[in-house]
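Source file: protein-v9.txt; contents: compact mmCIF, C-alpha atoms and all ligand atoms.
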# COMPACT_ATOMS: atom_id res chain seq x y z
CA MET F 1 42.73 -15.96 3.63
CA ALA F 2 46.41 -15.23 4.34
CA LEU F 3 48.00 -12.12 2.94
CA LYS F 4 50.57 -12.80 0.27
CA ASN F 5 52.91 -10.22 1.64
CA SER F 6 52.77 -8.58 5.03
CA ARG F 7 53.57 -5.21 3.44
CA ASN F 8 50.61 -5.62 1.16
CA LYS F 9 48.45 -2.59 1.95
CA GLN F 10 45.35 -4.30 0.67
CA LYS F 11 43.01 -4.76 3.62
CA ARG F 12 42.10 -8.33 4.49
CA LYS F 13 38.32 -8.62 4.81
CA PRO F 14 37.21 -9.99 8.19
CA ALA F 15 35.36 -13.31 8.17
CA ILE F 16 31.57 -13.47 7.92
CA ALA F 17 31.20 -14.25 11.66
CA THR F 18 32.89 -10.93 12.45
CA ARG F 19 31.12 -8.93 9.77
CA ALA F 20 27.73 -10.24 10.92
CA ILE F 21 28.36 -8.42 14.20
CA HIS F 22 30.18 -5.27 13.11
CA ALA F 23 29.46 -4.46 9.46
CA GLY F 24 27.52 -1.25 8.88
CA GLU F 25 27.87 0.01 12.45
CA PRO F 26 29.59 3.33 13.10
CA ARG F 27 32.55 2.80 15.47
CA GLU F 28 31.77 5.93 17.52
CA ARG F 29 28.71 4.83 19.43
CA TYR F 30 25.70 6.96 20.19
CA ALA F 31 25.88 7.84 23.94
CA ASP F 32 28.62 5.17 24.18
CA SER F 33 26.00 2.46 23.75
CA ILE F 34 27.40 -0.78 22.32
CA THR F 35 24.09 -1.71 20.71
CA THR F 36 22.53 0.03 17.73
CA PRO F 37 20.20 2.89 18.65
CA ILE F 38 16.57 2.47 17.59
CA VAL F 39 15.79 5.84 16.06
CA GLN F 40 12.07 5.61 16.70
CA THR F 41 10.84 8.57 14.72
CA SER F 42 8.73 9.31 11.67
CA THR F 43 10.30 12.66 10.91
CA PHE F 44 13.67 14.43 11.12
CA VAL F 45 13.89 18.13 11.94
CA PHE F 46 15.93 20.99 10.48
CA SER F 47 17.66 23.63 12.58
CA GLY F 48 16.71 26.40 10.16
CA SER F 49 16.67 27.61 6.57
CA ASP F 50 20.41 27.07 6.05
CA GLU F 51 20.07 23.40 6.85
CA ILE F 52 17.03 23.06 4.60
CA GLU F 53 18.91 24.64 1.70
CA ASN F 54 22.00 22.54 2.28
CA PHE F 55 19.74 19.55 1.91
CA THR F 56 17.49 20.70 -0.94
CA HIS F 57 19.98 22.64 -3.04
CA LYS F 58 23.46 21.49 -2.08
CA GLY F 59 22.72 17.76 -1.86
CA LYS F 60 23.88 17.29 1.73
CA LEU F 61 22.83 13.77 2.70
CA ARG F 62 20.60 13.58 5.74
CA TYR F 63 17.34 12.02 6.86
CA GLU F 64 14.09 13.80 6.21
CA TYR F 65 11.07 11.53 6.62
CA GLY F 66 10.68 7.92 7.79
CA ARG F 67 9.51 6.48 4.49
CA TYR F 68 12.63 7.84 2.76
CA GLY F 69 15.09 6.34 5.20
CA ASN F 70 15.97 5.88 8.86
CA PRO F 71 19.42 5.53 10.50
CA THR F 72 18.62 2.14 12.07
CA ALA F 73 17.45 0.88 8.67
CA THR F 74 20.61 2.25 7.01
CA ILE F 75 22.78 0.20 9.36
CA ALA F 76 20.74 -2.93 8.55
CA GLU F 77 21.13 -2.20 4.82
CA LYS F 78 24.88 -1.73 5.14
CA ARG F 79 25.30 -4.92 7.11
CA LEU F 80 23.18 -7.00 4.73
CA ALA F 81 25.05 -5.58 1.71
CA ASP F 82 28.36 -6.45 3.32
CA LEU F 83 27.29 -10.03 4.09
CA GLU F 84 25.94 -10.64 0.59
CA GLY F 85 28.91 -8.92 -1.10
CA ALA F 86 26.57 -6.35 -2.68
CA GLN F 87 27.20 -2.70 -3.55
CA ASP F 88 23.85 -1.70 -2.14
CA CYS F 89 20.74 -2.96 -0.36
CA VAL F 90 17.22 -1.79 0.44
CA VAL F 91 15.32 -3.27 3.39
CA PHE F 92 11.56 -3.70 3.34
CA SER F 93 8.76 -4.55 5.74
CA SER F 94 8.61 -8.12 4.37
CA GLY F 95 10.18 -10.42 1.80
CA MET F 96 7.12 -10.04 -0.44
CA SER F 97 7.37 -6.25 -0.29
CA ALA F 98 10.99 -6.56 -1.47
CA ILE F 99 10.00 -8.94 -4.28
CA THR F 100 6.97 -7.02 -5.58
CA THR F 101 8.65 -3.60 -5.40
CA THR F 102 11.73 -4.96 -7.17
CA ILE F 103 9.69 -6.54 -9.95
CA LEU F 104 7.55 -3.43 -10.47
CA SER F 105 10.64 -1.24 -10.67
CA LEU F 106 11.98 -3.36 -13.55
CA VAL F 107 8.99 -3.87 -15.87
CA HIS F 108 7.04 -1.70 -18.26
CA SER F 109 3.83 -2.62 -20.06
CA GLY F 110 4.63 -4.79 -23.06
CA ASP F 111 7.54 -6.49 -21.29
CA HIS F 112 7.88 -10.21 -20.74
CA ILE F 113 9.33 -12.02 -17.76
CA ILE F 114 10.25 -15.63 -16.99
CA ILE F 115 9.80 -17.33 -13.64
CA THR F 116 10.30 -20.97 -12.65
CA ASP F 117 7.33 -23.02 -11.51
CA ASP F 118 8.40 -23.92 -8.00
CA SER F 119 8.96 -20.34 -6.90
CA TYR F 120 7.34 -19.05 -3.70
CA LYS F 121 3.56 -19.30 -4.07
CA LYS F 122 2.84 -15.59 -3.60
CA THR F 123 5.65 -14.55 -5.96
CA LEU F 124 4.18 -16.79 -8.65
CA GLU F 125 0.70 -15.48 -7.99
CA PHE F 126 1.92 -11.88 -8.31
CA CYS F 127 3.70 -12.57 -11.59
CA ARG F 128 0.93 -14.70 -13.05
CA SER F 129 -2.08 -12.60 -12.04
CA TYR F 130 -1.24 -9.03 -11.07
CA LEU F 131 1.40 -8.27 -13.67
CA LYS F 132 -1.21 -9.04 -16.34
CA GLN F 133 -3.09 -5.91 -15.25
CA PHE F 134 -0.08 -3.91 -16.43
CA ALA F 135 0.23 -5.87 -19.68
CA VAL F 136 3.36 -7.64 -18.55
CA GLU F 137 3.47 -11.16 -19.94
CA CYS F 138 4.80 -13.96 -17.77
CA THR F 139 6.13 -17.38 -18.79
CA ILE F 140 6.20 -19.99 -16.04
CA LEU F 141 8.80 -22.64 -16.79
CA PRO F 142 9.45 -26.03 -15.21
CA PHE F 143 12.41 -25.75 -12.87
CA GLY F 144 15.59 -27.26 -14.33
CA ASP F 145 14.54 -26.97 -17.97
CA TYR F 146 17.56 -24.97 -19.14
CA LYS F 147 16.88 -25.55 -22.84
CA GLY F 148 13.27 -24.46 -22.44
CA LEU F 149 14.50 -21.43 -20.54
CA GLU F 150 16.71 -20.26 -23.38
CA LYS F 151 13.92 -20.88 -25.90
CA ALA F 152 11.43 -18.91 -23.80
CA ILE F 153 13.52 -15.73 -23.95
CA LYS F 154 12.04 -13.14 -26.30
CA LYS F 155 13.11 -9.71 -27.51
CA ASN F 156 11.05 -8.07 -24.77
CA THR F 157 12.14 -10.38 -21.95
CA ARG F 158 13.23 -8.22 -19.05
CA PHE F 159 14.39 -10.78 -16.50
CA ILE F 160 14.52 -14.38 -15.34
CA PHE F 161 13.40 -14.92 -11.74
CA SER F 162 14.10 -18.08 -9.82
CA GLU F 163 14.94 -19.44 -6.40
CA SER F 164 17.63 -21.72 -5.13
CA PRO F 165 17.12 -23.89 -3.16
CA THR F 166 13.38 -24.09 -3.82
CA ASN F 167 10.49 -25.13 -1.66
CA PRO F 168 9.74 -27.93 -0.79
CA TYR F 169 12.00 -30.17 -2.90
CA LEU F 170 15.13 -28.06 -2.43
CA ASN F 171 15.96 -27.97 -6.12
CA ILE F 172 19.19 -26.17 -6.92
CA PHE F 173 19.50 -23.78 -9.85
CA ASP F 174 22.83 -23.93 -11.67
CA LEU F 175 23.68 -20.24 -11.34
CA GLU F 176 26.62 -20.37 -13.74
CA LYS F 177 24.40 -21.84 -16.44
CA LEU F 178 21.68 -19.30 -15.70
CA LYS F 179 24.12 -16.42 -16.00
CA LYS F 180 25.47 -17.70 -19.33
CA ILE F 181 21.98 -18.07 -20.81
CA ALA F 182 20.94 -14.61 -19.56
CA ASP F 183 24.10 -12.97 -20.91
CA ARG F 184 23.61 -14.42 -24.37
CA HIS F 185 20.30 -12.53 -24.54
CA GLY F 186 20.99 -9.51 -22.38
CA VAL F 187 18.33 -10.21 -19.77
CA LEU F 188 18.61 -9.61 -16.03
CA THR F 189 18.75 -12.43 -13.48
CA LEU F 190 17.03 -12.36 -10.09
CA ILE F 191 17.50 -15.03 -7.44
CA ASP F 192 15.49 -15.42 -4.26
CA SER F 193 18.22 -16.84 -2.04
CA THR F 194 16.18 -17.00 1.17
CA PHE F 195 16.67 -20.75 1.76
CA ALA F 196 20.44 -20.45 1.30
CA THR F 197 21.41 -17.19 3.07
CA PRO F 198 24.76 -15.51 2.28
CA LEU F 199 26.49 -18.06 4.51
CA ASN F 200 25.67 -20.94 2.15
CA GLN F 201 25.37 -19.29 -1.27
CA ARG F 202 26.40 -15.99 -2.80
CA PRO F 203 24.59 -15.53 -6.13
CA LEU F 204 26.18 -12.12 -6.84
CA GLU F 205 29.57 -13.83 -7.14
CA PHE F 206 28.09 -15.81 -10.04
CA GLY F 207 27.11 -12.57 -11.76
CA ILE F 208 23.43 -12.71 -10.77
CA ASP F 209 22.06 -9.15 -10.96
CA LEU F 210 19.78 -9.02 -7.93
CA VAL F 211 19.40 -11.17 -4.83
CA LEU F 212 16.15 -11.18 -2.85
CA GLN F 213 16.00 -12.21 0.78
CA SER F 214 13.10 -12.81 3.11
CA CYS F 215 15.01 -11.72 6.24
CA THR F 216 12.02 -13.08 8.17
CA LYS F 217 13.68 -16.48 7.92
CA TYR F 218 17.35 -17.19 8.73
CA LEU F 219 18.73 -13.66 8.73
CA ALA F 220 16.54 -12.36 11.57
CA GLY F 221 16.24 -15.94 12.72
CA HIS F 222 13.96 -15.80 15.77
CA ASN F 223 10.47 -16.19 14.30
CA ASP F 224 9.61 -12.74 15.65
CA ILE F 225 9.69 -10.26 12.76
CA LEU F 226 8.90 -9.89 9.06
CA ALA F 227 11.54 -8.21 6.89
CA GLY F 228 12.90 -8.36 3.35
CA ALA F 229 15.79 -7.09 1.29
CA VAL F 230 17.01 -6.66 -2.26
CA LEU F 231 20.73 -6.55 -2.95
CA GLY F 232 22.85 -5.79 -6.00
CA ARG F 233 24.71 -3.05 -7.80
CA THR F 234 23.92 0.57 -7.02
CA ALA F 235 22.48 1.49 -10.43
CA LEU F 236 19.77 -1.16 -10.15
CA VAL F 237 19.16 -0.84 -6.42
CA ASP F 238 18.75 2.96 -6.67
CA LYS F 239 15.75 2.55 -8.95
CA ILE F 240 14.18 0.08 -6.53
CA ARG F 241 14.83 2.45 -3.62
CA ASP F 242 13.06 5.22 -5.52
CA LEU F 243 9.96 3.12 -6.11
CA HIS F 244 10.07 1.87 -2.50
CA LYS F 245 9.58 5.49 -1.39
CA SER F 246 6.23 5.51 -3.23
CA MET F 247 5.16 1.92 -2.55
CA GLY F 248 5.84 2.47 1.13
CA GLY F 249 6.68 -1.04 2.32
CA THR F 250 8.81 0.64 4.97
CA ILE F 251 10.29 -1.44 7.76
CA ASP F 252 10.04 0.17 11.18
CA PRO F 253 13.15 1.05 13.22
CA HIS F 254 12.42 -1.34 16.05
CA CYS F 255 12.09 -4.16 13.56
CA CYS F 256 15.46 -3.14 12.06
CA TYR F 257 16.98 -3.40 15.51
CA LEU F 258 15.68 -6.96 15.88
CA LEU F 259 17.00 -7.78 12.41
CA LEU F 260 20.44 -6.37 13.34
CA ARG F 261 20.42 -8.32 16.57
CA GLY F 262 19.44 -11.51 14.77
CA LEU F 263 22.16 -10.96 12.17
CA LYS F 264 24.86 -11.01 14.84
CA THR F 265 24.31 -14.72 15.44
CA PHE F 266 23.21 -15.69 11.95
CA PRO F 267 26.45 -17.42 10.87
CA LEU F 268 26.48 -19.41 14.13
CA ARG F 269 22.85 -20.39 13.82
CA VAL F 270 22.97 -21.33 10.15
CA ALA F 271 26.19 -23.35 10.56
CA ARG F 272 24.42 -25.30 13.31
CA GLN F 273 21.27 -25.68 11.21
CA ASN F 274 23.36 -26.99 8.27
CA GLU F 275 24.92 -29.58 10.55
CA THR F 276 21.70 -30.66 12.25
CA ALA F 277 19.73 -30.82 9.00
CA LEU F 278 22.36 -33.04 7.38
CA ALA F 279 22.42 -35.34 10.42
CA ILE F 280 18.61 -35.59 10.39
CA ALA F 281 18.53 -36.18 6.62
CA ARG F 282 21.08 -39.00 6.97
CA HIS F 283 19.15 -40.51 9.88
CA LEU F 284 15.81 -40.40 8.08
CA GLU F 285 17.25 -41.77 4.84
CA LYS F 286 18.10 -45.03 6.58
CA HIS F 287 14.79 -45.23 8.41
CA PRO F 288 12.46 -48.14 7.53
CA ARG F 289 9.35 -45.93 7.94
CA ILE F 290 10.60 -43.21 5.62
CA LYS F 291 9.91 -43.40 1.91
CA ARG F 292 12.18 -40.67 0.61
CA VAL F 293 14.33 -37.79 1.87
CA TYR F 294 15.22 -34.62 -0.05
CA TYR F 295 18.25 -32.67 1.13
CA PRO F 296 20.69 -31.00 -1.31
CA PHE F 297 23.78 -32.27 0.49
CA LEU F 298 22.63 -35.93 0.42
CA GLU F 299 24.25 -37.92 -2.39
CA SER F 300 20.75 -39.14 -3.35
CA HIS F 301 19.48 -35.62 -4.14
CA PRO F 302 19.17 -35.07 -7.91
CA HIS F 303 21.12 -31.79 -7.64
CA TYR F 304 23.76 -32.99 -5.16
CA LYS F 305 26.68 -32.17 -7.49
CA ILE F 306 25.64 -28.65 -8.32
CA ALA F 307 24.54 -28.03 -4.72
CA THR F 308 27.91 -29.01 -3.27
CA SER F 309 29.79 -27.02 -5.90
CA GLN F 310 27.90 -23.74 -5.59
CA MET F 311 26.93 -23.88 -1.91
CA THR F 312 28.96 -24.28 1.26
CA GLY F 313 26.13 -25.77 3.29
CA GLY F 314 22.88 -27.56 2.52
CA GLY F 315 20.69 -25.28 4.66
CA GLY F 316 18.28 -25.98 7.48
CA VAL F 317 15.34 -27.51 5.62
CA VAL F 318 14.83 -31.26 5.21
CA THR F 319 11.91 -32.53 3.15
CA PHE F 320 10.73 -36.11 3.46
CA GLU F 321 7.89 -38.51 2.80
CA THR F 322 6.80 -40.99 5.41
CA LYS F 323 5.43 -44.38 4.41
CA GLY F 324 1.69 -45.03 4.62
CA THR F 325 -1.42 -42.93 4.08
CA LEU F 326 -2.60 -39.41 4.80
CA ASN F 327 -3.99 -40.72 8.05
CA ASP F 328 -0.57 -42.12 9.02
CA ALA F 329 0.97 -38.75 8.19
CA LYS F 330 -1.48 -37.05 10.57
CA LYS F 331 -0.65 -39.57 13.32
CA PHE F 332 3.05 -38.91 12.85
CA MET F 333 2.60 -35.15 13.05
CA ASP F 334 0.20 -35.24 16.01
CA ALA F 335 2.67 -37.27 18.09
CA LEU F 336 5.45 -34.63 17.87
CA LYS F 337 6.18 -32.77 21.09
CA LEU F 338 9.29 -30.69 20.38
CA CYS F 339 8.76 -29.67 16.75
CA PHE F 340 6.13 -26.97 16.38
CA ILE F 341 3.61 -27.41 13.60
CA GLY F 342 3.58 -24.23 11.56
CA PRO F 343 4.72 -22.44 8.41
CA SER F 344 7.98 -20.55 7.95
CA LEU F 345 11.58 -21.58 8.47
CA GLY F 346 14.94 -20.27 9.59
CA GLY F 347 14.15 -19.50 13.23
CA VAL F 348 15.64 -20.99 16.35
CA GLU F 349 12.60 -23.23 16.92
CA THR F 350 12.16 -26.34 14.79
CA LEU F 351 9.01 -26.17 12.67
CA ILE F 352 7.29 -28.83 10.63
CA THR F 353 4.69 -28.32 7.91
CA HIS F 354 2.54 -30.71 5.99
CA PRO F 355 2.04 -28.89 2.66
CA ALA F 356 -0.97 -31.02 1.62
CA LEU F 357 -2.93 -29.94 4.71
CA VAL F 358 -1.78 -26.33 4.77
CA SER F 359 -0.58 -24.54 1.60
CA TYR F 360 -2.47 -26.89 -0.74
CA TYR F 361 -5.58 -27.62 1.34
CA ASP F 362 -7.79 -26.14 -1.38
CA TYR F 363 -6.37 -28.29 -4.19
CA THR F 364 -7.83 -31.65 -5.21
CA ARG F 365 -5.64 -34.67 -4.48
CA LYS F 366 -4.97 -35.02 -8.21
CA GLN F 367 -3.88 -31.36 -8.53
CA ARG F 368 -1.63 -31.73 -5.50
CA TYR F 369 0.00 -34.89 -6.83
CA GLN F 370 0.70 -33.16 -10.15
CA LEU F 371 2.72 -30.63 -8.17
CA GLY F 372 4.45 -33.36 -6.19
CA ILE F 373 2.59 -32.51 -2.98
CA THR F 374 1.84 -36.01 -1.78
CA ASP F 375 -0.23 -37.13 1.23
CA THR F 376 2.82 -37.96 3.34
CA LEU F 377 5.15 -35.10 2.40
CA PHE F 378 6.65 -33.05 5.24
CA ARG F 379 8.95 -30.07 5.36
CA LEU F 380 11.07 -29.88 8.47
CA ALA F 381 12.73 -26.50 9.15
CA VAL F 382 15.29 -27.28 11.81
CA GLY F 383 15.97 -24.84 14.60
CA ILE F 384 19.02 -24.72 16.82
CA GLU F 385 17.89 -27.25 19.43
CA ASP F 386 20.05 -30.31 20.05
CA ALA F 387 20.04 -32.59 17.00
CA GLY F 388 19.55 -35.67 19.21
CA ASP F 389 16.44 -34.16 20.75
CA ILE F 390 14.91 -33.34 17.37
CA ILE F 391 15.65 -36.86 16.13
CA GLU F 392 14.11 -38.34 19.27
CA ASP F 393 10.96 -36.30 18.64
CA LEU F 394 10.76 -37.49 15.01
CA GLU F 395 11.24 -41.06 16.23
CA ARG F 396 8.31 -40.57 18.61
CA GLY F 397 6.17 -39.69 15.60
CA LEU F 398 7.52 -42.41 13.32
CA HIS F 399 6.73 -44.96 16.01
CA LYS F 400 3.03 -44.23 15.49
CA LEU F 401 3.11 -45.34 11.86
C1 LIG F 501 9.01 -16.54 3.18
C2 LIG F 501 9.50 -16.41 1.80
C3 LIG F 501 9.17 -15.30 1.02
C4 LIG F 501 8.27 -14.20 1.53
O1 LIG F 501 8.85 -13.51 2.57
P1 LIG F 501 7.98 -12.73 3.71
O2 LIG F 501 9.03 -12.17 4.58
O3 LIG F 501 7.13 -13.77 4.36
O4 LIG F 501 7.17 -11.72 3.00
C5 LIG F 501 9.69 -15.21 -0.25
N1 LIG F 501 10.48 -16.18 -0.75
C6 LIG F 501 10.80 -17.27 -0.03
C7 LIG F 501 11.68 -18.30 -0.66
C8 LIG F 501 10.33 -17.41 1.26
O5 LIG F 501 10.65 -18.51 1.95
Can the structure in the file be given as structure tokens, please?
Ligand SMILES: *Cc1c(COP(=O)(O)O)cnc(C)c1O
Amino acid sequence: MALKNSRNKQKRKPAIATRAIHAGEPRERYADSITTPIVQTSTFVFSGSDEIENFTHKGKLRYEYGRYGNPTATIAEKRLADLEGAQDCVVFSSGMSAITTTILSLVHSGDHIIITDDSYKKTLEFCRSYLKQFAVECTILPFGDYKGLEKAIKKNTRFIFSESPTNPYLNIFDLEKLKKIADRHGVLTLIDSTFATPLNQRPLEFGIDLVLQSCTKYLAGHNDILAGAVLGRTALVDKIRDLHKSMGGTIDPHCCYLLLRGLKTFPLRVARQNETALAIARHLEKHPRIKRVYYPFLESHPHYKIATSQMTGGGGVVTFETKGTLNDAKKFMDALKLCFIGPSLGGVETLITHPALVSYYDYTRKQRYQLGITDTLFRLAVGIEDAGDIIEDLERGLHKL
């Protein structure tokens, strides 16, 4: 963005590629080290009674105990907040810790919440089963039913929780519409934006109240750590931080270091993953042995219009159905040599999952089909390998059909 006037004192914000490397880091470096120090400690010591009293009575900010904060974690929080355009952020030991702590900080017994039906399996389970123990009522709504959503809001509705894009069909929630509906009734909006990352989608700019991230995926990006974050305005995030101190889903400093290191290359990686995923989606869509491809930036995706208007990239996940039977699907998967078979997404290695055999193995075929989990459905989470090599690997599998 060019400055209107060179005398304009307003500071131009550096681009996301720069902020991913520098945001949140103090410029004076500890022992002149260019990388972030890992403050591997559980406790922080006081020099004497004066320092204790400055802290306890005069409100001097400092670290005290690992569960209440750690300097390496603070840098990760500052960087994530900067990337997402948030006032504040709390990091957690996993995405689920961020989600459950956030939800618990917002509800009281007698409250009601709304969540969409294709949310992350464990998030749904938590809302549907555990919140009941605290007399919090939960309505699970079909994704995309905006009229139903507005009708479902009650006097005691505290928030609407959804994801965008969702798993595995990569449905896109119209965030502008969501915000308008929520505002008419004064309820909060929470979006799990893990599949999008702040490179592709920035829900806070649409007025969404809180963004949840499983940093395990694209943000850390190397399939080597678990981490989570909640981001939003200070007044809301402060309450979550308070509860986090009791819930104790604390991320350790070494893990924060790996998250910070991963973040430095996150815009590069995700830009590459956007590109490769689109190329693979286009290739598969034309393939005679492929039944259907789901990718938000393909014209054939039901939410193509909204996806391309509220996102700047389609993300690194491509979902598709091969032709044939469950047995054919197994043959396809077993022939792959480059793509690893496994859950998760967002890392540098390409991963493929077959939801019917993994996440839904304990469902009957009929139950699975009701949820759209067919015998030949695959979710491909592209890594940063060469697109041609990934396509060649998929071709190797498709040849077996
Ligand atoms: C992985 C994931 C989570 C859970 O995050 P963890 O870091 O595994 O706890 C939540 N939401 C979405 C959309 C995810 O993909």
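Going from CA of Cys89 in chain F over to CA of Val230 in chain F, you cover 5.6 Å.
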Around the point (13.5, -11.8, 3.7) in the file's coordinates, collect all residues with an atom within 10 Å, using all atoms listed in the file, and return them as an NGL selection string. :F and (91-99 or 192-195 or 197 or 212-220 or 225-230)
Glu385 in chain F: which residues within 12 Å, counting all atoms listed in the file, same-chain residues fewer than 3 positions away excluded, as a list in words? Arg269, Arg272, Gln273, Glu275, Thr276, Ala277, Leu338, Cys339, Gly347, Val348, Glu349, Thr350, Leu351, Ala381, Val382, Gly388, Asp389, Ile390, Ile391, Glu392 and Asp393 of chain F
Ranking F:Leu336, F:Ile191, F:Leu178, F:Leu260 by minimum distance to ligand LIG 501 (chain F) and counting all atoms listed in the file, which one comes first?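 Checking each candidate against ligand LIG 501 (chain F), we get F:Ile191 as the closest.
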Can you list, as a PyMOL selection string, every protein, DNA or RNA residue that comes within 7 Å of Thr116 in chain F when you count only C-alpha atoms, leaving out same-chain residues fewer than 2 positions away? chain F and resi 114+118-119+140-143+161-162
Skip Glu285 in chain F itself and residues of its chain fewer than 6 positions away, then list as a ChimeraX atom specification all residues within 9 Å of it, counting all atoms listed in the file. /F:291-294,320
State, in Å with one decimal place, the distance from CA of Val318 in chain F to CA of Glu205 in chain F. 26.0 Å
Any idea what the distance is between CA of Ala281 in chain F and CA of Pro296 in chain F?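 For CA of Ala281 in chain F relative to CA of Pro296 in chain F, the distance reads 9.7 Å.
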Calculated over only C-alpha atoms and all ligand atoms, which of the candidates F:Ala307, F:Leu124, F:Val107, F:Val90 has the smallest distance to ligand LIG 501 (chain F)?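 Smallest distance to ligand LIG 501 (chain F) is found for F:Leu124.
Of the listed residues (F:Thr43, F:Thr312, F:Thr364, F:Thr374), F:Thr374 comes nearest to Leu326 in chain F; the distances count all atoms listed in the file.
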Using only C-alpha atoms, which residue out of F:Thr319, F:Ser129, F:Ser42, F:Gln370 lies closest to Leu284 in chain F? F:Thr319
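Nearest to Lys337 in chain F of all the residues F:Glu163, F:Glu395, F:Asp174, F:Asp224 is F:Glu395, counting all atoms listed in the file.
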Which is closer to ligand LIG 501 (chain F) than all the others in F:Glu64, F:Asp88, F:Asp111, F:Glu125, using all atoms listed in the file? F:Glu125
List as a list in words the protein and nucleic acid residues near Glu84 in chain F, meaning an atom at most 9 Å away when only C-alpha atoms are counted, but skip any in the same chain fewer than 4 places from it.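 Result of the neighbour search: Arg79, Leu80, Thr197, Pro198, Leu199, Gln201, Arg202, Pro203, Leu204, Val211, Leu231 and Gly232 of chain F.
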Name the residues within 10 Å of (3.6, -49.4, 12.6), counting only C-alpha atoms in the file's coordinates, and put them as number ranges by chain. F: 289, 323-324, 328, 398-401
Can you list, as a tab-separated table (two decimals) with C-alpha atoms, in the coordinates of the input, every protein, DNA or RNA residue that comes within 10 Å of Pro253 in chain F when you count all atoms listed in the file, leaving out same-chain residues fewer than 3 positions away?
chain	number	residue	atom	x	y	z
F	37	PRO	CA	20.20	2.89	18.65
F	38	ILE	CA	16.57	2.47	17.59
F	39	VAL	CA	15.79	5.84	16.06
F	40	GLN	CA	12.07	5.61	16.70
F	41	THR	CA	10.84	8.57	14.72
F	42	SER	CA	8.73	9.31	11.67
F	66	GLY	CA	10.68	7.92	7.79
F	69	GLY	CA	15.09	6.34	5.20
F	70	ASN	CA	15.97	5.88	8.86
F	71	PRO	CA	19.42	5.53	10.50
F	72	THR	CA	18.62	2.14	12.07
F	73	ALA	CA	17.45	0.88	8.67
F	74	THR	CA	20.61	2.25	7.01
F	76	ALA	CA	20.74	-2.93	8.55
F	250	THR	CA	8.81	0.64	4.97
F	256	CYS	CA	15.46	-3.14	12.06
F	257	TYR	CA	16.98	-3.40	15.51
F	258	LEU	CA	15.68	-6.96	15.88
F	259	LEU	CA	17.00	-7.78	12.41
Output as lines of an AutoDock Vina configuration file the centre and edge lengths (Å, one decimal) of the box along x, y and z of the file that holds every listed atom of range 278-289 of chain F after adding 8 Å on each side.
center_x = 15.9
center_y = -40.6
center_z = 7.6
size_x = 29.1
size_y = 31.1
size_z = 21.6
